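Participant: This is final_37.csv, which holds CSV, C-alpha atoms:
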```csv
chain,number,residue,atom,x,y,z
R,1344,MET,CA,91.1,100.6,134.3
R,1345,ASN,CA,92.6,97.1,134.5
R,1346,ARG,CA,93.3,96.6,130.8
R,1347,GLU,CA,96.6,97.2,129.2
R,1348,ALA,CA,96.8,99.8,126.5
R,1349,PRO,CA,97.0,98.3,123.0
R,1350,ASP,CA,100.0,99.0,120.9
R,1351,ILE,CA,99.2,100.2,117.4
R,1352,LEU,CA,102.5,98.8,116.1
R,1353,SER,CA,101.8,95.2,117.5
R,1354,PRO,CA,101.0,92.2,115.3
R,1355,GLU,CA,97.8,91.8,117.3
R,1356,PHE,CA,96.7,95.3,116.3
R,1357,ALA,CA,97.6,94.6,112.7
R,1358,ALA,CA,95.4,91.5,112.7
R,1359,ASP,CA,92.4,93.1,114.3
R,1360,PRO,CA,92.5,96.8,115.1
R,1361,TYR,CA,88.8,97.1,115.8
R,1362,ALA,CA,89.0,95.1,119.1
R,1363,ALA,CA,91.9,97.3,120.1
R,1364,TYR,CA,90.1,100.5,119.2
R,1365,ARG,CA,87.3,99.6,121.6
R,1366,VAL,CA,89.8,99.2,124.5
R,1367,LEU,CA,91.4,102.6,123.5
R,1368,ARG,CA,87.9,104.3,123.4
R,1369,ASP,CA,86.8,102.9,126.7
R,1370,ASP,CA,90.0,103.1,128.8
R,1371,PHE,CA,92.5,105.3,127.0
R,1372,PRO,CA,90.7,108.0,125.1
R,1373,LEU,CA,93.9,110.1,125.1
R,1374,LEU,CA,97.0,108.0,125.1
R,1375,TYR,CA,100.6,109.0,124.6
R,1376,HIS,CA,102.2,106.4,122.3
R,1377,GLU,CA,106.0,106.3,123.0
R,1378,ALA,CA,107.2,104.6,119.8
R,1379,THR,CA,105.5,107.2,117.5
R,1380,GLY,CA,105.9,110.1,119.8
R,1381,SER,CA,102.2,111.0,119.3
R,1382,TYR,CA,99.0,111.2,121.2
R,1383,LEU,CA,96.3,108.7,120.1
R,1384,VAL,CA,92.7,109.9,120.1
R,1385,SER,CA,90.0,107.3,119.4
R,1386,ARG,CA,86.6,108.6,120.2
R,1387,TYR,CA,84.4,110.2,117.5
R,1388,GLU,CA,84.0,113.6,119.2
R,1389,ASP,CA,87.7,113.9,119.8
R,1390,VAL,CA,88.7,113.0,116.3
R,1391,GLU,CA,86.0,115.3,114.9
R,1392,ARG,CA,87.3,118.2,117.1
R,1393,ALA,CA,90.9,117.6,115.9
R,1394,PHE,CA,89.8,118.0,112.3
R,1395,LYS,CA,87.6,121.1,112.9
R,1396,ASP,CA,89.2,123.1,115.7
R,1397,PRO,CA,91.8,125.6,114.5
R,1398,ALA,CA,93.9,124.7,117.5
R,1399,PHE,CA,94.9,121.6,115.5
R,1400,THR,CA,97.0,122.4,112.4
R,1401,THR,CA,98.5,120.4,109.6
R,1402,ASP,CA,102.0,121.6,110.4
R,1403,ASN,CA,102.9,117.9,110.9
R,1404,TYR,CA,102.8,117.5,107.1
R,1405,ASP,CA,106.0,119.5,106.9
R,1406,TRP,CA,107.8,116.3,108.0
R,1407,GLN,CA,105.1,113.7,107.2
R,1408,LEU,CA,104.2,114.7,103.6
R,1409,GLU,CA,106.6,117.2,102.2
R,1410,PRO,CA,109.6,114.8,102.0
R,1411,VAL,CA,107.8,112.7,99.4
R,1412,HIS,CA,105.3,115.0,97.8
R,1413,GLY,CA,106.9,118.4,98.0
R,1414,ARG,CA,104.9,121.2,99.6
R,1415,THR,CA,101.1,120.5,99.1
R,1416,ILE,CA,97.8,122.2,99.6
R,1417,LEU,CA,97.4,120.1,102.8
R,1418,GLN,CA,100.2,122.1,104.5
R,1419,MET,CA,98.8,125.5,103.7
R,1420,SER,CA,96.6,127.8,105.8
R,1421,GLY,CA,94.9,131.1,105.5
R,1422,ARG,CA,94.7,132.9,102.2
R,1423,GLU,CA,97.4,130.7,100.6
R,1424,HIS,CA,95.3,127.6,101.3
R,1425,ALA,CA,92.1,129.3,100.2
R,1426,VAL,CA,93.5,130.4,96.9
R,1427,ARG,CA,95.2,127.0,96.1
R,1428,ARG,CA,92.1,125.1,97.0
R,1429,ALA,CA,90.0,127.5,94.8
R,1430,LEU,CA,92.5,126.8,91.9
R,1431,VAL,CA,92.1,123.0,92.1
R,1432,ALA,CA,88.6,122.4,93.5
R,1433,PRO,CA,86.4,123.3,90.4
R,1434,ALA,CA,87.8,120.3,88.5
R,1435,PHE,CA,86.4,117.9,91.1
R,1436,ARG,CA,82.8,119.0,91.4
R,1437,GLY,CA,79.7,119.8,89.5
R,1438,ASN,CA,79.6,120.0,85.7
R,1439,ALA,CA,83.4,119.7,85.3
R,1440,LEU,CA,83.3,116.3,87.1
R,1441,GLU,CA,80.2,115.1,85.3
R,1442,GLU,CA,81.1,116.3,81.8
R,1443,SER,CA,84.8,115.8,81.7
R,1444,PHE,CA,85.5,112.9,83.9
R,1445,ARG,CA,82.5,110.6,84.2
R,1446,PRO,CA,83.0,109.2,80.7
R,1447,VAL,CA,86.7,108.6,81.6
R,1448,ILE,CA,85.5,106.7,84.7
R,1449,GLU,CA,83.0,104.7,82.8
R,1450,ARG,CA,85.4,103.7,80.1
R,1451,ASN,CA,88.2,102.7,82.4
R,1452,SER,CA,85.9,100.5,84.6
R,1453,ARG,CA,84.4,98.9,81.5
R,1454,GLU,CA,87.8,98.0,80.0
R,1455,LEU,CA,89.0,96.3,83.2
R,1456,ILE,CA,85.8,94.3,83.6
R,1457,GLU,CA,85.9,93.1,80.0
R,1458,ALA,CA,89.2,91.4,80.6
R,1459,PHE,CA,87.6,88.9,83.1
R,1460,ARG,CA,83.8,89.0,82.8
R,1461,ASP,CA,83.7,85.9,80.6
R,1462,ARG,CA,86.1,83.9,82.8
R,1463,GLY,CA,83.8,83.2,85.7
R,1464,THR,CA,86.4,84.1,88.4
R,1465,ALA,CA,88.6,87.1,89.2
R,1466,ASP,CA,90.5,88.7,92.0
R,1467,LEU,CA,88.8,92.0,92.3
R,1468,VAL,CA,91.7,93.6,94.2
R,1469,ALA,CA,94.5,92.7,91.8
R,1470,GLU,CA,92.5,92.8,88.5
R,1471,TYR,CA,90.2,95.7,89.2
R,1472,ALA,CA,90.4,97.8,92.3
R,1473,THR,CA,94.2,98.5,92.3
R,1474,ARG,CA,94.1,99.5,88.7
R,1475,PHE,CA,90.8,101.4,88.2
R,1476,PRO,CA,91.4,104.6,90.1
R,1477,VAL,CA,95.0,105.0,89.0
R,1478,ASN,CA,94.0,104.5,85.4
R,1479,VAL,CA,91.3,107.1,85.8
R,1480,ILE,CA,93.6,109.7,87.3
R,1481,ALA,CA,96.3,109.0,84.6
R,1482,ASP,CA,93.6,109.6,81.9
R,1483,MET,CA,92.3,112.7,83.7
R,1484,LEU,CA,95.8,114.2,83.8
R,1485,GLY,CA,96.5,113.1,80.2
R,1486,LEU,CA,99.4,110.9,81.2
R,1487,ASP,CA,100.4,107.7,79.4
R,1488,ARG,CA,98.5,104.8,80.9
R,1489,ALA,CA,101.3,102.5,79.8
R,1490,ASP,CA,103.1,104.0,82.9
R,1491,HIS,CA,100.4,102.5,85.2
R,1492,ASP,CA,102.9,100.1,86.9
R,1493,ARG,CA,105.2,103.0,87.7
R,1494,PHE,CA,102.3,105.1,89.1
R,1495,HIS,CA,101.3,102.2,91.3
R,1496,ARG,CA,104.8,101.6,92.5
R,1497,TRP,CA,105.2,105.3,93.3
R,1498,TYR,CA,102.0,105.7,95.3
R,1499,THR,CA,102.6,102.4,97.1
R,1500,ALA,CA,106.0,103.7,98.2
R,1501,ILE,CA,104.5,107.0,99.3
R,1502,ILE,CA,101.8,105.3,101.3
R,1503,GLY,CA,104.4,103.1,102.9
R,1504,PHE,CA,106.4,106.2,103.9
R,1505,LEU,CA,103.4,107.9,105.4
R,1506,GLY,CA,102.5,104.8,107.4
R,1507,ASN,CA,106.1,104.0,108.4
R,1508,LEU,CA,105.4,104.6,112.1
R,1509,ALA,CA,108.0,102.0,113.0
R,1510,GLN,CA,110.6,104.0,111.1
R,1511,ASP,CA,111.9,101.2,108.8
R,1512,PRO,CA,114.9,102.8,106.9
R,1513,GLU,CA,114.2,101.0,103.7
R,1514,VAL,CA,110.6,102.2,103.6
R,1515,THR,CA,111.9,105.7,104.2
R,1516,ALA,CA,114.4,105.5,101.4
R,1517,ALA,CA,111.9,104.1,98.9
R,1518,GLY,CA,109.5,107.0,99.7
R,1519,LEU,CA,112.2,109.7,99.3
R,1520,ARG,CA,113.4,108.1,96.1
R,1521,THR,CA,109.9,108.3,94.7
R,1522,ARG,CA,109.8,112.1,95.0
R,1523,GLU,CA,112.9,112.4,92.8
R,1524,GLU,CA,111.6,109.9,90.2
R,1525,PHE,CA,108.2,111.4,90.0
R,1526,ALA,CA,109.6,115.0,89.6
R,1527,ALA,CA,111.9,113.8,86.8
R,1528,TYR,CA,108.9,112.2,85.1
R,1529,LEU,CA,106.3,114.9,85.6
R,1530,LEU,CA,108.1,118.3,85.5
R,1531,PRO,CA,109.0,118.0,81.7
R,1532,ILE,CA,105.3,117.1,81.0
R,1533,ILE,CA,104.1,120.1,83.0
R,1534,ARG,CA,106.4,122.4,81.0
R,1535,GLU,CA,105.2,120.9,77.8
R,1536,ARG,CA,101.5,121.4,78.8
R,1537,ARG,CA,102.2,125.0,79.6
R,1538,ALA,CA,103.5,125.5,76.1
R,1539,HIS,CA,100.9,123.4,74.4
R,1540,PRO,CA,97.8,123.0,76.6
R,1541,GLY,CA,95.1,120.4,76.0
R,1542,ASP,CA,91.8,119.8,77.6
R,1543,ASP,CA,93.2,117.4,80.3
R,1544,LEU,CA,93.3,118.1,84.0
R,1545,LEU,CA,97.0,118.8,84.0
R,1546,SER,CA,96.6,121.6,81.4
R,1547,VAL,CA,93.7,123.0,83.5
R,1548,LEU,CA,95.9,123.0,86.6
R,1549,CYS,CA,98.7,124.7,84.7
R,1550,ALA,CA,96.3,127.5,83.4
R,1551,ALA,CA,94.2,128.0,86.5
R,1552,GLU,CA,94.4,131.6,87.9
R,1553,ILE,CA,92.8,133.5,90.7
R,1554,ASP,CA,93.6,137.1,91.6
R,1555,GLY,CA,96.8,136.9,89.6
R,1556,THR,CA,97.9,133.8,91.4
R,1557,ARG,CA,98.8,130.7,89.4
R,1558,MET,CA,100.4,127.4,90.5
R,1559,THR,CA,104.1,127.0,89.9
R,1560,ASP,CA,105.4,123.8,88.2
R,1561,GLU,CA,106.4,122.6,91.7
R,1562,ASP,CA,102.8,123.3,93.0
R,1563,VAL,CA,101.3,121.3,90.1
R,1564,LYS,CA,103.7,118.4,90.5
R,1565,ALA,CA,103.1,118.2,94.3
R,1566,PHE,CA,99.3,118.3,93.7
R,1567,CYS,CA,99.5,115.5,91.1
R,1568,SER,CA,101.6,113.4,93.4
R,1569,LEU,CA,99.0,113.9,96.2
R,1570,LEU,CA,96.2,113.1,93.8
R,1571,LEU,CA,97.7,109.9,92.5
R,1572,THR,CA,98.4,108.7,96.1
R,1573,ALA,CA,95.3,109.9,97.9
R,1574,GLY,CA,93.0,109.2,94.9
R,1575,GLY,CA,94.6,105.9,94.0
R,1576,GLU,CA,95.2,104.2,97.3
R,1577,THR,CA,92.0,105.2,99.0
R,1578,THR,CA,89.5,104.5,96.2
R,1579,ASP,CA,91.2,101.2,95.5
R,1580,LYS,CA,90.7,100.0,99.0
R,1581,ALA,CA,87.2,101.5,99.3
R,1582,ILE,CA,85.9,99.7,96.2
R,1583,SER,CA,87.1,96.3,97.3
R,1584,SER,CA,85.9,96.8,100.9
R,1585,LEU,CA,82.5,97.9,99.7
R,1586,VAL,CA,82.1,94.9,97.4
R,1587,HIS,CA,83.3,92.6,100.2
R,1588,ASN,CA,80.9,94.1,102.7
R,1589,LEU,CA,78.0,93.5,100.4
R,1590,LEU,CA,79.1,89.9,99.7
R,1591,ARG,CA,79.2,89.3,103.4
R,1592,HIS,CA,75.6,90.7,103.7
R,1593,PRO,CA,73.7,89.0,100.8
R,1594,GLU,CA,70.4,90.6,101.7
R,1595,GLN,CA,71.9,94.1,101.3
R,1596,LEU,CA,73.7,93.0,98.1
R,1597,ALA,CA,70.3,92.0,96.7
R,1598,GLU,CA,68.9,95.4,97.6
R,1599,VAL,CA,71.7,97.2,95.9
R,1600,ARG,CA,71.3,95.0,92.8
R,1601,ALA,CA,67.6,95.9,92.7
R,1602,ASP,CA,68.3,99.6,93.3
R,1603,PRO,CA,71.7,101.0,92.2
R,1604,ALA,CA,70.9,104.3,94.0
R,1605,LEU,CA,71.8,102.4,97.2
R,1606,ILE,CA,75.5,102.2,96.1
R,1607,GLY,CA,76.0,105.7,97.6
R,1608,PRO,CA,74.6,104.8,101.0
R,1609,ALA,CA,76.6,101.5,100.9
R,1610,PHE,CA,79.7,103.5,100.2
R,1611,ALA,CA,79.0,105.9,103.0
R,1612,GLU,CA,78.6,103.0,105.4
R,1613,THR,CA,81.8,101.4,104.2
R,1614,LEU,CA,83.7,104.6,104.9
R,1615,ARG,CA,82.4,104.4,108.5
R,1616,TYR,CA,82.7,100.6,108.9
R,1617,THR,CA,85.9,99.7,107.1
R,1618,PRO,CA,87.5,103.0,106.0
R,1619,PRO,CA,90.5,103.0,103.7
R,1620,VAL,CA,92.4,105.5,105.8
R,1621,HIS,CA,92.6,104.5,109.5
R,1622,MET,CA,94.9,107.3,110.8
R,1623,ILE,CA,95.4,111.0,110.0
R,1624,MET,CA,97.8,113.2,112.0
R,1625,ARG,CA,97.4,116.8,113.2
R,1626,GLN,CA,99.6,119.0,115.4
R,1627,ALA,CA,98.5,121.1,118.4
R,1628,ALA,CA,99.1,124.8,118.1
R,1629,ALA,CA,98.6,125.3,121.8
R,1630,ASP,CA,98.0,123.2,124.9
R,1631,VAL,CA,94.5,121.7,124.1
R,1632,PRO,CA,92.2,119.8,126.5
R,1633,LEU,CA,91.1,116.6,124.7
R,1634,GLY,CA,89.9,113.2,125.7
R,1635,GLY,CA,90.1,113.8,129.4
R,1636,GLY,CA,93.7,115.1,129.3
R,1637,VAL,CA,95.8,117.8,127.6
R,1638,VAL,CA,97.7,117.6,124.3
R,1639,PRO,CA,100.7,119.9,124.7
R,1640,GLU,CA,101.6,122.6,122.2
R,1641,GLY,CA,103.6,121.3,119.3
R,1642,ALA,CA,102.6,117.6,119.9
R,1643,THR,CA,101.5,115.3,117.1
R,1644,VAL,CA,98.0,113.9,117.4
R,1645,THR,CA,97.2,110.6,115.7
R,1646,CYS,CA,93.5,110.7,114.9
R,1647,LEU,CA,92.2,107.1,114.7
R,1648,ILE,CA,89.5,107.3,112.1
R,1649,GLY,CA,89.0,103.6,112.1
R,1650,SER,CA,88.1,103.8,115.8
R,1651,ALA,CA,85.9,106.9,115.5
R,1652,GLY,CA,83.7,105.1,112.9
R,1653,ARG,CA,83.0,102.3,115.4
R,1654,ASP,CA,82.3,104.5,118.4
R,1655,GLU,CA,79.2,103.4,120.2
R,1656,ARG,CA,78.9,106.9,121.7
R,1657,ARG,CA,78.1,108.1,118.1
R,1658,TYR,CA,76.7,105.1,116.2
R,1659,ALA,CA,74.1,102.5,117.2
R,1660,ALA,CA,75.4,98.9,116.9
R,1661,PRO,CA,78.6,100.2,115.3
R,1662,ASP,CA,80.1,96.8,114.5
R,1663,ARG,CA,77.2,96.0,112.2
R,1664,PHE,CA,77.3,96.9,108.5
R,1665,ASP,CA,73.9,98.6,107.7
R,1666,LEU,CA,73.5,100.7,104.6
R,1667,HIS,CA,70.2,101.9,106.0
R,1668,ARG,CA,71.4,103.2,109.3
R,1669,ALA,CA,69.6,106.2,110.6
R,1670,ASP,CA,72.7,107.8,112.2
R,1671,LEU,CA,74.7,108.2,109.0
R,1672,SER,CA,73.4,110.5,106.2
R,1673,ALA,CA,74.3,109.4,102.7
R,1674,GLY,CA,73.0,112.8,101.5
R,1675,THR,CA,75.9,114.7,103.1
R,1676,ALA,CA,78.4,111.9,103.2
R,1677,PHE,CA,80.5,113.3,100.4
R,1678,SER,CA,80.5,116.9,101.6
R,1679,ALA,CA,82.1,118.9,104.4
R,1680,ALA,CA,78.9,118.3,106.3
R,1681,ALA,CA,79.6,114.5,106.4
R,1682,ASP,CA,78.8,112.7,109.7
R,1683,HIS,CA,81.6,110.2,109.2
R,1684,LEU,CA,85.3,111.1,109.4
R,1685,ALA,CA,86.9,109.2,106.5
R,1686,PHE,CA,87.4,112.3,104.4
R,1687,ALA,CA,88.5,114.4,107.5
R,1688,LEU,CA,86.4,117.6,108.1
R,1689,GLY,CA,87.0,121.3,108.3
R,1690,ARG,CA,89.0,123.3,105.8
R,1691,HIS,CA,91.1,120.3,104.8
R,1692,PHE,CA,88.0,118.1,103.9
R,1693,CYS,CA,89.1,115.9,101.0
R,1694,VAL,CA,88.9,117.8,97.7
R,1695,GLY,CA,88.4,114.6,95.8
R,1696,ALA,CA,85.4,113.2,97.7
R,1697,LEU,CA,83.0,113.6,94.8
R,1698,LEU,CA,85.5,112.1,92.4
R,1699,ALA,CA,85.7,109.1,94.8
R,1700,LYS,CA,81.9,108.9,94.9
R,1701,ALA,CA,81.7,108.9,91.1
R,1702,GLU,CA,84.3,106.2,90.7
R,1703,VAL,CA,82.7,104.0,93.3
R,1704,GLU,CA,79.2,104.4,92.0
R,1705,VAL,CA,80.2,103.8,88.4
R,1706,GLY,CA,82.5,100.9,89.3
R,1707,VAL,CA,80.3,99.0,91.6
R,1708,ALA,CA,77.3,99.4,89.3
R,1709,GLN,CA,79.2,98.1,86.3
R,1710,LEU,CA,80.6,95.2,88.4
R,1711,LEU,CA,77.2,94.1,89.6
R,1712,ASP,CA,75.7,94.5,86.1
R,1713,ALA,CA,78.4,92.5,84.4
R,1714,LEU,CA,78.9,89.8,87.0
R,1715,PRO,CA,75.7,87.9,87.7
R,1716,ASP,CA,75.5,85.7,90.8
R,1717,LEU,CA,78.6,87.4,92.2
R,1718,ALA,CA,79.9,85.5,95.3
R,1719,LEU,CA,83.2,84.9,97.2
R,1720,VAL,CA,85.1,81.8,96.0
R,1721,PRO,CA,84.3,79.0,98.4
R,1722,GLY,CA,86.8,78.9,101.2
R,1723,ALA,CA,88.2,82.3,100.5
R,1724,GLN,CA,88.9,84.5,103.5
R,1725,PRO,CA,89.9,88.0,102.4
R,1726,ARG,CA,92.0,89.7,105.1
R,1727,GLU,CA,92.4,93.4,105.8
R,1728,GLN,CA,96.0,94.5,106.1
R,1729,GLY,CA,97.7,97.8,106.7
R,1730,LEU,CA,98.1,100.3,109.4
R,1731,PHE,CA,97.9,103.9,108.2
R,1732,THR,CA,95.7,102.8,105.3
R,1733,ARG,CA,93.9,99.5,105.4
R,1734,GLY,CA,92.3,97.2,102.8
R,1735,LEU,CA,91.9,93.7,101.5
R,1736,ASP,CA,94.9,91.6,100.4
R,1737,ALA,CA,92.7,89.9,97.8
R,1738,LEU,CA,89.0,89.5,96.9
R,1739,PRO,CA,88.6,86.2,94.9
R,1740,VAL,CA,85.1,86.0,93.5
R,1741,ARG,CA,83.2,83.8,91.1
R,1742,PHE,CA,80.2,84.7,89.0
R,1743,GLY,CA,77.9,83.4,86.3
R,1744,PRO,CA,78.2,83.9,82.6
R,1745,ALA,CA,78.0,87.5,81.4
R,1746,ALA,CA,74.6,88.5,80.0
R,1747,GLY,CA,74.6,89.6,76.4
```
Translate the structure of the given file into structure tokens.

Facilitator:
Amino acid sequence: MNREAPDILSPEFAADPYAAYRVLRDDFPLLYHEATGSYLVSRYEDVERAFKDPAFTTDNYDWQLEPVHGRTILQMSGREHAVRRALVAPAFRGNALEESFRPVIERNSRELIEAFRDRGTADLVAEYATRFPVNVIADMLGLDRADHDRFHRWYTAIIGFLGNLAQDPEVTAAGLRTREEFAAYLLPIIRERRAHPGDDLLSVLCAAEIDGTRMTDEDVKAFCSLLLTAGGETTDKAISSLVHNLLRHPEQLAEVRADPALIGPAFAETLRYTPPVHMIMRQAAADVPLGGGVVPEGATVTCLIGSAGRDERRYAAPDRFDLHRADLSAGTAFSAAADHLAFALGRHFCVGALLAKAEVEVGVAQLLDALPDLALVPGAQPREQGLFTRGLDALPVRFGPAAG
């Protein structure tokens, strides 16, 4: 080992984490990072274990998530977690997702595209990706879409808080302020839905019951805060990254245009290659051997998802985008049997994975259908930015006249 350990808080890392990830995997598979007080794990098998092994808990969310969301399902374990997950999960799978929410997804995507499809140019980050998933969730919950800008400001502040590894006091204050503002906004609406339920997701969450257990107003509020943040920020970044990956690989874009069924595999590959979430934390419940060392009991582990997806020990030619790769199954990519780590794994596998899949498949299909000859604006160089979550700053594109 003659290389210096990369610093995940450095400008060099922010500019290109993938090069740093390789150094971490090769030379520092378990690294104590002084500034964040956490152990970094970067290889696929170690990140996978941290998600699946009960020796690693989500107790870290007590200080990481609860200050901005309130107590969420992600912090729970045992029967409490199982019951709360059973209360919310049915709305995000199967018939409920298809019948109730796919029309909402299709309508929201179509409305956004109509605003620019005749113009010949657009920024697909600002004009589509950042708005689409938030609008969908607002409609699903039966909230006023006129409040979109507030939702976006709130979830941006929360994501900033979660990724505030440098402990910027202003970022911390904005996140904490958001919790109070969101509670003041949503709790009266929750009380109104309990008294006068509709057919929206918020009413479903208020009425859901298992073995005599129902969610409190605070439970519902915390879940909606989590849904807006996790569902908005991640799907936003995934859509723009997927389109960008296809634009940079025109032969694969042509295949997807010819066969929209390939959008699913292209999304799965994007989750491996340029995932929207690069880091998720866990906490060791005991001294745990990992990555050639030992993580002490009570320590925080920062799981580098962005590194695990590029691990040559797990994937062939990992720095190549390939929607046909043999070592990534699109068939299981949106289930707890996924062989990528972008949705985590184990009992805290992302409850909204199928919603994200539906949004991306509908959104990308509609974009490709409505925007012939889609290409990057000449000279444009979209840049990834972000630490905890990572996505494009902009995606300026041009396209031919809309058909029909």

Participant: Counting all atoms listed in the file, figure out which residue out of R:Asp1466, R:Asp1389, R:Glu1377, R:Asp1461 gets nearest to R:Val1631.

Facilitator: R:Asp1389

Participant: Quick check, in Å to one decimal: how far apart do atom CA of R:Val1705 and atom CA of R:Val1468 lie?

Facilitator: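 Between atom CA of R:Val1705 and atom CA of R:Val1468 the gap is 16.4 Å.
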
Participant: Measuring between all atoms listed in the file, which one of R:Arg1536, R:Thr1732, R:Asn1478, R:Val1384 shows the shortest distance to R:Glu1449?

Facilitator: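 The shortest atom-to-atom distance to R:Glu1449 comes from R:Asn1478.
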
Participant: Within 12 Å of R:Leu1647, counting only C-alpha atoms, which residues show up once you throw out same-chain ones fewer than 6 positions away? Write them as an MDAnalysis selection string, please.

Facilitator: chainID R and resid 1351 1360:1361 1363:1365 1367:1368 1372:1374 1381:1391 1393:1394 1615 1618:1625 1653:1654 1684:1685 1687 1730:1732

Participant: Excluding R:Leu1352 and residues on its chain fewer than 6 positions from it, collect all residues at most 9 Å away from it, counting all atoms listed in the file, and give them as a PyMOL selection string.

Facilitator: chain R and resi 1378+1508-1509+1730

Participant: Please measure the separation of atom CA of R:Arg1522 and atom CA of R:Gly1503, giving the value in Å to one decimal.

Facilitator: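 So the answer is 13.1 Å.
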
Participant: Using the incomplete input, complete stretch 1500-1512 of chain R to the level of N, CA and C atoms; output as a PDB file, keeping the file's coordinate frame.

Facilitator:
```
ATOM      1  N   ALA R1500     104.848 103.246  97.431  1.00  0.00           N
ATOM      2  CA  ALA R1500     106.000 103.700  98.200  1.00  0.00           C
ATOM      3  C   ALA R1500     105.703 104.875  99.069  1.00  0.00           C
ATOM      4  N   ILE R1501     104.904 105.812  98.533  1.00  0.00           N
ATOM      5  CA  ILE R1501     104.500 107.000  99.300  1.00  0.00           C
ATOM      6  C   ILE R1501     103.660 106.638 100.482  1.00  0.00           C
ATOM      7  N   ILE R1502     102.657 105.785 100.246  1.00  0.00           N
ATOM      8  CA  ILE R1502     101.800 105.300 101.300  1.00  0.00           C
ATOM      9  C   ILE R1502     102.606 104.597 102.391  1.00  0.00           C
ATOM     10  N   GLY R1503     103.574 103.795 101.943  1.00  0.00           N
ATOM     11  CA  GLY R1503     104.400 103.100 102.900  1.00  0.00           C
ATOM     12  C   GLY R1503     105.216 104.107 103.745  1.00  0.00           C
ATOM     13  N   PHE R1504     105.697 105.187 103.133  1.00  0.00           N
ATOM     14  CA  PHE R1504     106.400 106.200 103.900  1.00  0.00           C
ATOM     15  C   PHE R1504     105.517 106.893 104.896  1.00  0.00           C
ATOM     16  N   LEU R1505     104.291 107.223 104.483  1.00  0.00           N
ATOM     17  CA  LEU R1505     103.400 107.900 105.400  1.00  0.00           C
ATOM     18  C   LEU R1505     102.993 107.038 106.581  1.00  0.00           C
ATOM     19  N   GLY R1506     102.876 105.741 106.346  1.00  0.00           N
ATOM     20  CA  GLY R1506     102.500 104.800 107.400  1.00  0.00           C
ATOM     21  C   GLY R1506     103.644 104.171 108.127  1.00  0.00           C
ATOM     22  N   ASN R1507     104.857 104.677 107.887  1.00  0.00           N
ATOM     23  CA  ASN R1507     106.100 104.000 108.400  1.00  0.00           C
ATOM     24  C   ASN R1507     106.286 104.464 109.879  1.00  0.00           C
ATOM     25  N   LEU R1508     105.313 104.167 110.722  1.00  0.00           N
ATOM     26  CA  LEU R1508     105.400 104.600 112.100  1.00  0.00           C
ATOM     27  C   LEU R1508     106.511 103.864 112.872  1.00  0.00           C
ATOM     28  N   ALA R1509     106.929 102.710 112.343  1.00  0.00           N
ATOM     29  CA  ALA R1509     108.000 102.000 113.000  1.00  0.00           C
ATOM     30  C   ALA R1509     109.392 102.435 112.480  1.00  0.00           C
ATOM     31  N   GLN R1510     109.403 103.395 111.542  1.00  0.00           N
ATOM     32  CA  GLN R1510     110.600 104.000 111.100  1.00  0.00           C
ATOM     33  C   GLN R1510     111.600 102.989 110.419  1.00  0.00           C
ATOM     34  N   ASP R1511     111.072 102.153 109.532  1.00  0.00           N
ATOM     35  CA  ASP R1511     111.900 101.200 108.800  1.00  0.00           C
ATOM     36  C   ASP R1511     112.724 102.036 107.753  1.00  0.00           C
ATOM     37  N   PRO R1512     114.070 101.972 107.800  1.00  0.00           N
ATOM     38  CA  PRO R1512     114.900 102.800 106.900  1.00  0.00           C
ATOM     39  C   PRO R1512     114.701 102.536 105.440  1.00  0.00           C
TER      40      PRO R1512
END
```
